[in-house]
Each structure stands twice: as C-alpha cells, then as structure tokens.
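Enquirer: Pasting work_32.pdb below, which is PDB, C-alpha atoms, pLDDT in the B column.
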```
ATOM      1  CA  MET A   5       0.000   0.000   0.000  1.00 46.00           C
ATOM      2  CA  GLY A   6       2.884   2.381   0.767  1.00 51.00           C
ATOM      3  CA  TRP A   7       4.226   2.585  -2.766  1.00 44.00           C
ATOM      4  CA  LEU A   8       0.704   3.117  -4.125  1.00 47.00           C
ATOM      5  CA  GLN A   9       0.026   6.061  -1.821  1.00 52.00           C
ATOM      6  CA  ASP A  10       3.399   7.577  -2.683  1.00 48.00           C
ATOM      7  CA  ALA A  11       2.449   7.312  -6.361  1.00 44.00           C
ATOM      8  CA  ILE A  12      -0.929   8.965  -5.732  1.00 48.00           C
ATOM      9  CA  ARG A  13       0.774  11.797  -3.900  1.00 47.00           C
ATOM     10  CA  GLN A  14       3.127  12.473  -6.769  1.00 45.00           C
ATOM     11  CA  SER A  15       0.591  12.085  -9.578  1.00 46.00           C
ATOM     12  CA  THR A  16      -2.330  14.074  -8.162  1.00 46.00           C
ATOM     13  CA  MET A  17      -0.685  16.977  -6.397  1.00 47.00           C
ATOM     14  CA  ARG A  18      -1.987  20.382  -7.377  1.00 52.00           C
ATOM     15  CA  THR A  19       0.179  23.473  -7.708  1.00 59.00           C
ATOM     16  CA  ALA A  20      -2.466  26.016  -6.673  1.00 68.00           C
ATOM     17  CA  THR A  21      -1.060  29.096  -4.969  1.00 78.00           C
ATOM     18  CA  GLU A  22      -4.323  30.223  -3.353  1.00 91.00           C
ATOM     19  CA  VAL A  23      -6.856  28.348  -1.247  1.00 96.00           C
ATOM     20  CA  ILE A  24      -9.965  27.560  -3.280  1.00 96.00           C
ATOM     21  CA  ASP A  25     -13.131  29.559  -2.544  1.00 96.00           C
ATOM     22  CA  ALA A  26     -16.155  27.996  -0.874  1.00 97.00           C
ATOM     23  CA  ASP A  27     -18.341  27.997  -3.986  1.00 97.00           C
ATOM     24  CA  SER A  28     -15.722  26.090  -5.995  1.00 96.00           C
ATOM     25  CA  ALA A  29     -14.875  23.479  -3.362  1.00 97.00           C
ATOM     26  CA  LEU A  30     -15.883  19.839  -3.651  1.00 97.00           C
ATOM     27  CA  PRO A  31     -19.155  18.921  -1.875  1.00 97.00           C
ATOM     28  CA  GLY A  32     -17.745  16.195   0.351  1.00 97.00           C
ATOM     29  CA  ARG A  33     -20.010  14.019   2.502  1.00 97.00           C
ATOM     30  CA  SER A  34     -21.848  14.055   5.791  1.00 96.00           C
ATOM     31  CA  GLU A  35     -20.265  10.953   7.317  1.00 96.00           C
ATOM     32  CA  PRO A  36     -16.787  11.195   8.870  1.00 95.00           C
ATOM     33  CA  VAL A  37     -14.310   8.422   8.214  1.00 91.00           C
ATOM     34  CA  ALA A  38     -13.871   5.775  10.874  1.00 91.00           C
ATOM     35  CA  VAL A  39     -10.506   5.501  12.573  1.00 94.00           C
ATOM     36  CA  ALA A  40      -9.035   2.828  14.814  1.00 95.00           C
ATOM     37  CA  PRO A  41      -9.887   3.101  18.516  1.00 91.00           C
ATOM     38  CA  THR A  42      -6.286   3.831  19.520  1.00 97.00           C
ATOM     39  CA  ASN A  43      -3.080   5.336  18.223  1.00 98.00           C
ATOM     40  CA  ILE A  44      -0.803   2.332  17.702  1.00 98.00           C
ATOM     41  CA  VAL A  45       2.236   4.244  18.977  1.00 98.00           C
ATOM     42  CA  THR A  46       0.847   5.935  22.090  1.00 98.00           C
ATOM     43  CA  GLY A  47      -1.838   3.369  22.871  1.00 98.00           C
ATOM     44  CA  ASN A  48      -4.287   6.205  23.553  1.00 98.00           C
ATOM     45  CA  PRO A  49      -7.518   7.116  21.722  1.00 98.00           C
ATOM     46  CA  MET A  50      -7.374   9.444  18.728  1.00 98.00           C
ATOM     47  CA  VAL A  51     -10.885  10.797  19.217  1.00 97.00           C
ATOM     48  CA  PRO A  52     -12.452  12.669  22.175  1.00 97.00           C
ATOM     49  CA  PRO A  53     -12.983  12.675  25.034  1.00 97.00           C
ATOM     50  CA  PHE A  54      -9.419  13.472  26.027  1.00 98.00           C
ATOM     51  CA  PRO A  55      -8.047  13.725  29.595  1.00 98.00           C
ATOM     52  CA  GLU A  56      -9.110  16.730  31.624  1.00 98.00           C
ATOM     53  CA  GLY A  57      -6.503  19.478  31.637  1.00 98.00           C
ATOM     54  CA  TYR A  58      -4.955  18.413  28.341  1.00 98.00           C
ATOM     55  CA  GLU A  59      -4.989  20.700  25.311  1.00 98.00           C
ATOM     56  CA  THR A  60      -5.382  20.118  21.590  1.00 98.00           C
ATOM     57  CA  MET A  61      -3.808  21.916  18.659  1.00 99.00           C
ATOM     58  CA  VAL A  62      -3.872  21.219  14.920  1.00 99.00           C
ATOM     59  CA  LEU A  63      -0.625  21.767  13.006  1.00 98.00           C
ATOM     60  CA  GLY A  64       0.031  21.750   9.266  1.00 98.00           C
ATOM     61  CA  MET A  65       3.681  21.251   8.383  1.00 97.00           C
ATOM     62  CA  GLY A  66       3.700  19.514   5.023  1.00 97.00           C
ATOM     63  CA  CYS A  67       3.117  15.814   4.486  1.00 97.00           C
ATOM     64  CA  PHE A  68       1.259  14.556   7.544  1.00 98.00           C
ATOM     65  CA  TRP A  69       2.941  11.159   7.539  1.00 97.00           C
ATOM     66  CA  GLY A  70       6.313  12.462   8.705  1.00 97.00           C
ATOM     67  CA  ALA A  71       4.841  15.347  10.688  1.00 98.00           C
ATOM     68  CA  GLU A  72       2.875  12.990  12.914  1.00 98.00           C
ATOM     69  CA  LYS A  73       5.980  10.906  13.612  1.00 97.00           C
ATOM     70  CA  ILE A  74       7.854  13.991  14.836  1.00 97.00           C
ATOM     71  CA  LEU A  75       5.027  15.087  17.082  1.00 98.00           C
ATOM     72  CA  TRP A  76       4.163  11.765  18.735  1.00 98.00           C
ATOM     73  CA  GLN A  77       7.777  11.530  19.954  1.00 98.00           C
ATOM     74  CA  LEU A  78       7.556  14.690  22.054  1.00 98.00           C
ATOM     75  CA  GLU A  79       7.386  14.162  25.796  1.00 98.00           C
ATOM     76  CA  GLY A  80       3.997  15.321  26.982  1.00 98.00           C
ATOM     77  CA  VAL A  81       2.111  14.350  23.813  1.00 98.00           C
ATOM     78  CA  TRP A  82      -0.745  12.031  24.806  1.00 98.00           C
ATOM     79  CA  THR A  83      -1.923  11.142  21.309  1.00 98.00           C
ATOM     80  CA  THR A  84      -1.849  12.280  17.690  1.00 98.00           C
ATOM     81  CA  ALA A  85      -3.994  11.793  14.614  1.00 98.00           C
ATOM     82  CA  VAL A  86      -3.638  12.934  11.020  1.00 98.00           C
ATOM     83  CA  GLY A  87      -6.330  14.635   9.016  1.00 98.00           C
ATOM     84  CA  TYR A  88      -7.399  17.645   7.023  1.00 98.00           C
ATOM     85  CA  ALA A  89      -7.954  21.174   8.352  1.00 98.00           C
ATOM     86  CA  GLY A  90      -8.467  24.742   7.204  1.00 98.00           C
ATOM     87  CA  GLY A  91     -10.657  23.839   4.227  1.00 98.00           C
ATOM     88  CA  TRP A  92     -14.254  23.863   3.065  1.00 98.00           C
ATOM     89  CA  THR A  93     -15.220  20.328   2.050  1.00 98.00           C
ATOM     90  CA  PRO A  94     -16.854  18.265   4.796  1.00 98.00           C
ATOM     91  CA  ASN A  95     -15.079  14.959   5.473  1.00 98.00           C
ATOM     92  CA  PRO A  96     -12.820  14.999   2.415  1.00 98.00           C
ATOM     93  CA  THR A  97     -10.919  11.974   1.175  1.00 97.00           C
ATOM     94  CA  TYR A  98      -7.159  11.886   0.747  1.00 97.00           C
ATOM     95  CA  GLU A  99      -7.501  11.857  -3.023  1.00 96.00           C
ATOM     96  CA  GLU A 100      -9.825  14.870  -2.937  1.00 97.00           C
ATOM     97  CA  THR A 101      -7.507  16.812  -0.651  1.00 96.00           C
ATOM     98  CA  CYS A 102      -4.541  16.093  -2.914  1.00 94.00           C
ATOM     99  CA  THR A 103      -6.289  17.887  -5.787  1.00 94.00           C
ATOM    100  CA  GLY A 104      -6.390  21.143  -3.824  1.00 95.00           C
ATOM    101  CA  ALA A 105     -10.145  21.331  -4.467  1.00 96.00           C
ATOM    102  CA  THR A 106     -11.176  21.055  -0.794  1.00 97.00           C
ATOM    103  CA  GLY A 107      -9.132  23.933   0.614  1.00 98.00           C
ATOM    104  CA  HIS A 108      -7.584  21.800   3.331  1.00 98.00           C
ATOM    105  CA  THR A 109      -4.021  21.397   4.387  1.00 98.00           C
ATOM    106  CA  GLU A 110      -2.728  18.067   5.645  1.00 98.00           C
ATOM    107  CA  ALA A 111      -2.521  18.412   9.405  1.00 98.00           C
ATOM    108  CA  VAL A 112      -1.857  16.657  12.696  1.00 98.00           C
ATOM    109  CA  LEU A 113      -4.117  16.817  15.723  1.00 98.00           C
ATOM    110  CA  VAL A 114      -1.914  16.909  18.823  1.00 99.00           C
ATOM    111  CA  VAL A 115      -3.289  16.184  22.285  1.00 98.00           C
ATOM    112  CA  PHE A 116      -0.787  17.186  24.948  1.00 99.00           C
ATOM    113  CA  ASP A 117      -0.271  17.892  28.625  1.00 98.00           C
ATOM    114  CA  PRO A 118       0.768  21.573  28.864  1.00 98.00           C
ATOM    115  CA  GLU A 119       2.335  20.921  32.269  1.00 98.00           C
ATOM    116  CA  VAL A 120       4.852  18.607  30.589  1.00 98.00           C
ATOM    117  CA  LEU A 121       4.965  20.119  27.101  1.00 98.00           C
ATOM    118  CA  PRO A 122       4.490  23.900  27.181  1.00 98.00           C
ATOM    119  CA  VAL A 123       2.767  25.390  24.142  1.00 98.00           C
ATOM    120  CA  GLU A 124       5.950  27.346  23.318  1.00 98.00           C
ATOM    121  CA  ARG A 125       8.011  24.160  23.081  1.00 98.00           C
ATOM    122  CA  LEU A 126       5.417  22.426  20.902  1.00 98.00           C
ATOM    123  CA  LEU A 127       5.306  25.419  18.557  1.00 98.00           C
ATOM    124  CA  ALA A 128       9.101  25.721  18.440  1.00 98.00           C
ATOM    125  CA  THR A 129       9.265  22.087  17.316  1.00 98.00           C
ATOM    126  CA  PHE A 130       6.585  22.829  14.722  1.00 98.00           C
ATOM    127  CA  PHE A 131       8.486  25.806  13.292  1.00 98.00           C
ATOM    128  CA  GLU A 132      11.868  24.079  13.256  1.00 97.00           C
ATOM    129  CA  TRP A 133      10.732  20.805  11.652  1.00 97.00           C
ATOM    130  CA  HIS A 134       9.502  22.308   8.394  1.00 97.00           C
ATOM    131  CA  ASP A 135      10.180  25.455   6.380  1.00 97.00           C
ATOM    132  CA  PRO A 136       7.393  27.951   7.116  1.00 97.00           C
ATOM    133  CA  THR A 137       8.594  30.335   4.412  1.00 97.00           C
ATOM    134  CA  GLN A 138       7.659  28.178   1.417  1.00 96.00           C
ATOM    135  CA  GLY A 139       4.031  29.231   0.968  1.00 96.00           C
ATOM    136  CA  MET A 140       1.896  26.592  -0.722  1.00 96.00           C
ATOM    137  CA  ARG A 141       4.513  23.863  -0.689  1.00 95.00           C
ATOM    138  CA  GLN A 142       7.088  21.914   1.257  1.00 96.00           C
ATOM    139  CA  GLY A 143       9.994  20.989  -0.975  1.00 93.00           C
ATOM    140  CA  ASN A 144       8.761  18.899  -3.897  1.00 92.00           C
ATOM    141  CA  ASP A 145       5.252  18.680  -2.408  1.00 95.00           C
ATOM    142  CA  MET A 146       3.434  21.532  -4.107  1.00 94.00           C
ATOM    143  CA  GLY A 147      -0.057  22.903  -3.525  1.00 95.00           C
ATOM    144  CA  THR A 148      -2.316  24.393  -0.896  1.00 96.00           C
ATOM    145  CA  GLN A 149      -2.624  21.041   0.880  1.00 97.00           C
ATOM    146  CA  TYR A 150       0.996  21.387   2.025  1.00 97.00           C
ATOM    147  CA  ARG A 151       0.818  24.891   3.487  1.00 97.00           C
ATOM    148  CA  SER A 152       2.109  25.710   6.947  1.00 98.00           C
ATOM    149  CA  ALA A 153      -0.656  26.308   9.485  1.00 98.00           C
ATOM    150  CA  VAL A 154      -1.361  26.637  13.192  1.00 98.00           C
ATOM    151  CA  PHE A 155      -5.003  26.065  14.116  1.00 98.00           C
ATOM    152  CA  ALA A 156      -5.392  26.824  17.804  1.00 98.00           C
ATOM    153  CA  THR A 157      -8.192  25.745  20.112  1.00 98.00           C
ATOM    154  CA  THR A 158      -7.740  28.468  22.757  1.00 98.00           C
ATOM    155  CA  THR A 159      -7.074  32.180  22.456  1.00 98.00           C
ATOM    156  CA  ALA A 160      -3.976  31.774  24.628  1.00 98.00           C
ATOM    157  CA  GLN A 161      -2.563  29.241  22.144  1.00 98.00           C
ATOM    158  CA  LEU A 162      -3.254  31.569  19.238  1.00 98.00           C
ATOM    159  CA  GLU A 163      -1.644  34.558  20.939  1.00 98.00           C
ATOM    160  CA  THR A 164       1.412  32.464  21.751  1.00 98.00           C
ATOM    161  CA  ALA A 165       1.633  31.156  18.183  1.00 98.00           C
ATOM    162  CA  ARG A 166       1.479  34.639  16.693  1.00 98.00           C
ATOM    163  CA  ARG A 167       4.015  36.000  19.172  1.00 98.00           C
ATOM    164  CA  LEU A 168       6.434  33.139  18.578  1.00 98.00           C
ATOM    165  CA  GLY A 169       5.860  33.353  14.824  1.00 98.00           C
ATOM    166  CA  ALA A 170       6.760  37.047  14.829  1.00 97.00           C
ATOM    167  CA  ALA A 171       9.939  36.342  16.787  1.00 97.00           C
ATOM    168  CA  TYR A 172      10.845  33.472  14.484  1.00 97.00           C
ATOM    169  CA  GLU A 173      10.274  35.616  11.401  1.00 97.00           C
ATOM    170  CA  LYS A 174      12.967  38.003  12.668  1.00 97.00           C
ATOM    171  CA  GLU A 175      15.390  35.088  12.958  1.00 97.00           C
ATOM    172  CA  LEU A 176      14.445  33.866   9.485  1.00 97.00           C
ATOM    173  CA  ASP A 177      14.894  37.371   8.118  1.00 96.00           C
ATOM    174  CA  ALA A 178      18.352  37.634   9.656  1.00 96.00           C
ATOM    175  CA  ALA A 179      19.249  34.312   8.029  1.00 96.00           C
ATOM    176  CA  GLY A 180      18.045  35.566   4.636  1.00 95.00           C
ATOM    177  CA  ARG A 181      14.998  33.286   4.631  1.00 93.00           C
ATOM    178  CA  GLY A 182      11.589  34.893   5.437  1.00 80.00           C
ATOM    179  CA  PRO A 183       8.915  35.997   5.211  1.00 95.00           C
ATOM    180  CA  LEU A 184       6.875  33.608   7.334  1.00 97.00           C
ATOM    181  CA  THR A 185       3.900  32.208   5.383  1.00 97.00           C
ATOM    182  CA  THR A 186       2.256  30.205   8.182  1.00 98.00           C
ATOM    183  CA  GLU A 187      -1.528  30.534   8.440  1.00 98.00           C
ATOM    184  CA  PHE A 188      -2.685  31.302  11.995  1.00 98.00           C
ATOM    185  CA  GLY A 189      -6.234  31.054  13.310  1.00 98.00           C
ATOM    186  CA  MET A 190      -8.717  29.450  15.638  1.00 98.00           C
ATOM    187  CA  LEU A 191      -9.630  26.011  14.340  1.00 98.00           C
ATOM    188  CA  GLY A 192     -13.351  26.668  14.751  1.00 98.00           C
ATOM    189  CA  GLU A 193     -13.191  29.911  12.790  1.00 98.00           C
ATOM    190  CA  ILE A 194     -11.194  28.915   9.705  1.00 98.00           C
ATOM    191  CA  ARG A 195     -13.458  28.042   6.746  1.00 98.00           C
ATOM    192  CA  SER A 196     -15.464  24.933   7.764  1.00 96.00           C
ATOM    193  CA  GLY A 197     -14.058  25.187  11.281  1.00 98.00           C
ATOM    194  CA  GLU A 198     -13.407  21.463  11.534  1.00 97.00           C
ATOM    195  CA  PHE A 199     -10.595  18.945  11.708  1.00 98.00           C
ATOM    196  CA  ALA A 200     -11.532  15.947   9.543  1.00 98.00           C
ATOM    197  CA  TYR A 201      -9.799  12.670  10.379  1.00 98.00           C
ATOM    198  CA  ALA A 202      -7.885  11.058   7.538  1.00 98.00           C
ATOM    199  CA  GLU A 203      -8.513   7.482   6.483  1.00 98.00           C
ATOM    200  CA  ASP A 204      -7.205   4.925   8.953  1.00 97.00           C
ATOM    201  CA  TYR A 205      -4.353   3.733   6.739  1.00 97.00           C
ATOM    202  CA  HIS A 206      -2.793   7.206   7.060  1.00 98.00           C
ATOM    203  CA  GLN A 207      -2.792   7.114  10.863  1.00 98.00           C
ATOM    204  CA  GLN A 208       0.749   6.413  12.161  1.00 98.00           C
ATOM    205  CA  TYR A 209       1.646   5.757   8.520  1.00 98.00           C
ATOM    206  CA  LEU A 210       5.394   5.437   8.985  1.00 97.00           C
ATOM    207  CA  VAL A 211       4.963   2.698  11.575  1.00 97.00           C
ATOM    208  CA  LYS A 212       2.741   0.762   9.190  1.00 97.00           C
ATOM    209  CA  ASN A 213       5.013   1.528   6.230  1.00 96.00           C
ATOM    210  CA  PRO A 214       8.656   1.655   7.357  1.00 93.00           C
ATOM    211  CA  GLY A 215      10.697   3.481   4.767  1.00 90.00           C
ATOM    212  CA  GLY A 216       7.611   5.268   3.389  1.00 92.00           C
ATOM    213  CA  TYR A 217       7.631   8.828   2.102  1.00 92.00           C
ATOM    214  CA  ASP A 218       8.900  11.174   4.807  1.00 90.00           C
ATOM    215  CA  CYS A 219       9.444  14.735   3.600  1.00 85.00           C
ATOM    216  CA  HIS A 220      11.107  17.222   5.931  1.00 85.00           C
ATOM    217  CA  VAL A 221      12.233  20.505   4.449  1.00 92.00           C
ATOM    218  CA  ARG A 222      13.813  22.551   7.239  1.00 94.00           C
ATOM    219  CA  SER A 223      15.021  26.132   7.286  1.00 94.00           C
ATOM    220  CA  GLY A 224      17.865  25.270   9.662  1.00 94.00           C
ATOM    221  CA  VAL A 225      17.010  28.324  11.762  1.00 96.00           C
ATOM    222  CA  ALA A 226      16.429  27.859  15.501  1.00 96.00           C
ATOM    223  CA  CYS A 227      13.183  29.163  16.937  1.00 96.00           C
ATOM    224  CA  PRO A 228      13.592  31.412  20.002  1.00 94.00           C
ATOM    225  CA  ILE A 229      11.425  30.743  23.034  1.00 88.00           C
TER     226      ILE A 229
END
```
Before we go any further, please render this structure as structure tokens.
Expert:
Amino acid sequence: MGWLQDAIRQSTMRTATEVIDADSALPGRSEPVAVAPTNIVTGNPMVPPFPEGYETMVLGMGCFWGAEKILWQLEGVWTTAVGYAGGWTPNPTYEETCTGATGHTEAVLVVFDPEVLPVERLLATFFEWHDPTQGMRQGNDMGTQYRSAVFATTTAQLETARRLGAAYEKELDAAGRGPLTTEFGMLGEIRSGEFAYAEDYHQQYLVKNPGGYDCHVRSGVACPI
C-alpha cells in the first residue's frame, strides 16, 4: 500500500497558490471516516474525550505522515492523529484533498499535557521541523494542501503562536529566509471550522510503512522561546 500512496501523492498533487473559494470546493459528505480506537504508537484514543486538563492543537507542516511521527515523539504528547484542516469540504478523502479542491491542508491533531509540554516548546518544534517560508509547498510537495498552518483551540494558544511566529520571522529574516507564510487562526473559525480525520491507513503511517515517504524541508534556523 505504501508505494501506491506515494504514487498517488506524486501524480495528483496540485500546484495552486491560493486556497480555493467555498463555492468552488468539492461537496464532500456528511459521514466522517472511521478511525481505529487507539493510536498504535501511544496506545491512547485518537478521538475525544481526552483527559481533563490536556490541550489540543492542529498543526500543518507539510506531508502529515512524517509530521505525525515527529510530534508523537515529544514528551507530553498524549496522542496524535492525522487529518485535514483549514478547508471547506466536509469529510474529504485523501484523493480529494490532494487535488487542492477542498481547501484543506494536511494536518496533525496533537493532544498534549501543557504541564509537561508547554505550548511554546510544541510550537518551536513545529516551526523548526519544516520550512514555514515556502508558501503553498514543502519541498517537492506543491499545492495548498501542504501549506504551513497553526489552528489553535484556545485564544492563549493563538496569541502564543502569533508571538512566537513574529519572533521566528525576525530570525528567518536575519538568516536571509523569510517571510513567514504560516496561516494562523482558531480552528473553529477557519473556513469549515473542523478537523476531519484522515482514512485509517494514514494514521501512524510510517509505523505501518517503514521506509515510506517522509518529507522534511527545514530552514535550519532555531526558533527562540
């Protein structure tokens, strides 16, 4: 299955430079996809309810296969799941998202304990493990579905993300990189306002498919905290 999905990714990717408008987006479907009861790495559920006191954040940093692997390794992360966020189409499929006609970016839902993993540290990892200056792409992956994005679930998270992003942009600028192209917003306020879970075979993909596609394009610039 791994080689087939890699082929789909390469053959269907769209090079759109702007997110599609609502009237032009695919219609989607009312039923969400079913996912396995637990994350096979963390052993914890991928769907709510989550432990009291834990926070959630949705991060787009290019191909969600490799992004999820980075994030589940962080101390303080309780579970992760991959999916689609920031778009219009309800419950899109992978193939639909790869056309750019849903408006989504590939993203990772992160559930974490802020007492162990402060929001600043999570966001610093996010910024450093992709190149947030590339606009609608990450390396050879081109299109709106690969854009950098932070979709917060609390106003405090969003304020922190914007503050850290502004500080990081200065560092990128000094390194001759910038400007920062990351999309910031509250998850519930961006287009459809929903995180749609990806098909189960995408969840923890690189455990199921060792040696599968794992794109990380990094700026090489450290993020200040």
Enquirer: Quick one: everything within 8 Å of segment 132-135 of chain A, counting all atoms listed in the file, minus sequence neighbours fewer than 5 positions away in the same chain. Send it as a ChimeraX atom specification.
Expert: /A:65-66,142,220-227
Enquirer: Can you build me a table of segment 90-185 of chain A residues sitting at most 7 Å from segment 42-62 of chain A, with the closest atom pair per residue and its distance in Å to one decimal, using all atoms listed in the file, sorted by chain and residue number, as JSON lines?
Expert:
```
{"residue": "A:Ala111", "atom": "CA", "partner": "A:Val62", "partner_atom": "CA", "distance": 6.3}
{"residue": "A:Val112", "atom": "CA", "partner": "A:Val62", "partner_atom": "CA", "distance": 5.5}
{"residue": "A:Leu113", "atom": "CA", "partner": "A:Val62", "partner_atom": "CA", "distance": 4.5}
{"residue": "A:Val114", "atom": "CA", "partner": "A:Met61", "partner_atom": "CA", "distance": 5.4}
{"residue": "A:Val115", "atom": "CA", "partner": "A:Thr60", "partner_atom": "CA", "distance": 4.5}
{"residue": "A:Phe116", "atom": "CA", "partner": "A:Glu59", "partner_atom": "CA", "distance": 5.5}
{"residue": "A:Asp117", "atom": "CA", "partner": "A:Tyr58", "partner_atom": "CA", "distance": 4.7}
{"residue": "A:Pro118", "atom": "CA", "partner": "A:Tyr58", "partner_atom": "CA", "distance": 6.6}
{"residue": "A:Val154", "atom": "CA", "partner": "A:Val62", "partner_atom": "CA", "distance": 6.2}
{"residue": "A:Phe155", "atom": "CA", "partner": "A:Val62", "partner_atom": "CA", "distance": 5.0}
{"residue": "A:Ala156", "atom": "CA", "partner": "A:Met61", "partner_atom": "CA", "distance": 5.2}
{"residue": "A:Thr157", "atom": "CA", "partner": "A:Met61", "partner_atom": "CA", "distance": 6.0}
```
Enquirer: Figure out the distance between atom CA of Phe130 of chain A and atom CA of Thr159 of chain A, please, to one decimal in Å.
Expert: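 Separation of atom CA of Thr159 of chain A and atom CA of Phe130 of chain A: 18.3 Å.
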Enquirer: Work out how far atom CA of Ala128 of chain A is from atom CA of Glu163 of chain A, in Å to one decimal.
Expert: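 Distance reported for this atom pair: 14.1 Å.
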Enquirer: If you measure from atom CA of Tyr150 of chain A to atom CA of Val120 of chain A, what distance in Å do you get, rounded to one decimal?
Expert: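 One can read the atom CA of Tyr150 of chain A to atom CA of Val120 of chain A distance as 29.0 Å.
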Enquirer: Mind checking which residues fall within 7 Å of Pro94 of chain A, counting all atoms listed in the file, ignoring those fewer than 4 positions away in the same chain, and posting them as an MDAnalysis selection string?
Expert: chainID A and resid 32:34
Enquirer: Given all atoms listed in the file as the basis, pick out the residue of A:Gly70, A:Pro36, A:Gly91, A:Pro122 nearest to Gln208 of chain A.
Expert: A:Gly70
Enquirer: Which of these residues is nearest to Ala71 of chain A, using all atoms listed in the file: A:Leu168, A:Thr129, A:Met190, A:Val37?
Expert: A:Thr129
Enquirer: Just want the 10 Å neighbourhood of Ile24 of chain A, counted on all atoms listed in the file, with same-chain residues fewer than 4 positions away dropped. Output as a count of residues only.
Expert: 12
Enquirer: Counting only C-alpha atoms, what is within 12 Å of Glu110 of chain A, bar same-chain residues fewer than 6 positions away, as an MDAnalysis selection string?
Expert: chainID A and resid 13 62:72 85:91 96:104 140:142 145 147:155 199:202 206
Enquirer: With all atoms listed in the file as the atoms that count, which of A:Arg167, A:Thr93, A:Met146, A:Thr137 lies nearest to Asp27 of chain A?
Expert: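 Looking only at the distances to Asp27 of chain A, the closest residue turns out to be A:Thr93.
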Enquirer: Can you tell me which residues surround Glu173 of chain A at a distance of at most 7 Å, considering all atoms listed in the file, apart from same-chain residues fewer than 3 positions away, and format the answer as a JSON list (two decimals) with C-alpha atoms, in the coordinates of the input?
Expert:
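result.json written:
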```json
[["chain", "number", "residue", "atom", "x", "y", "z"],
["A", 169, "GLY", "CA", 5.86, 33.35, 14.82],
["A", 170, "ALA", "CA", 6.76, 37.05, 14.83],
["A", 176, "LEU", "CA", 14.44, 33.87, 9.48],
["A", 177, "ASP", "CA", 14.89, 37.37, 8.12],
["A", 182, "GLY", "CA", 11.59, 34.89, 5.44],
["A", 183, "PRO", "CA", 8.91, 36.00, 5.21],
["A", 184, "LEU", "CA", 6.88, 33.61, 7.33]]
```
Enquirer: Could you check the closest approach to Leu210 of chain A for each of A:Ile74, A:Ala179, A:Val81, A:Ala38 and tell me which residue wins, using only C-alpha atoms?
Expert: A:Ile74
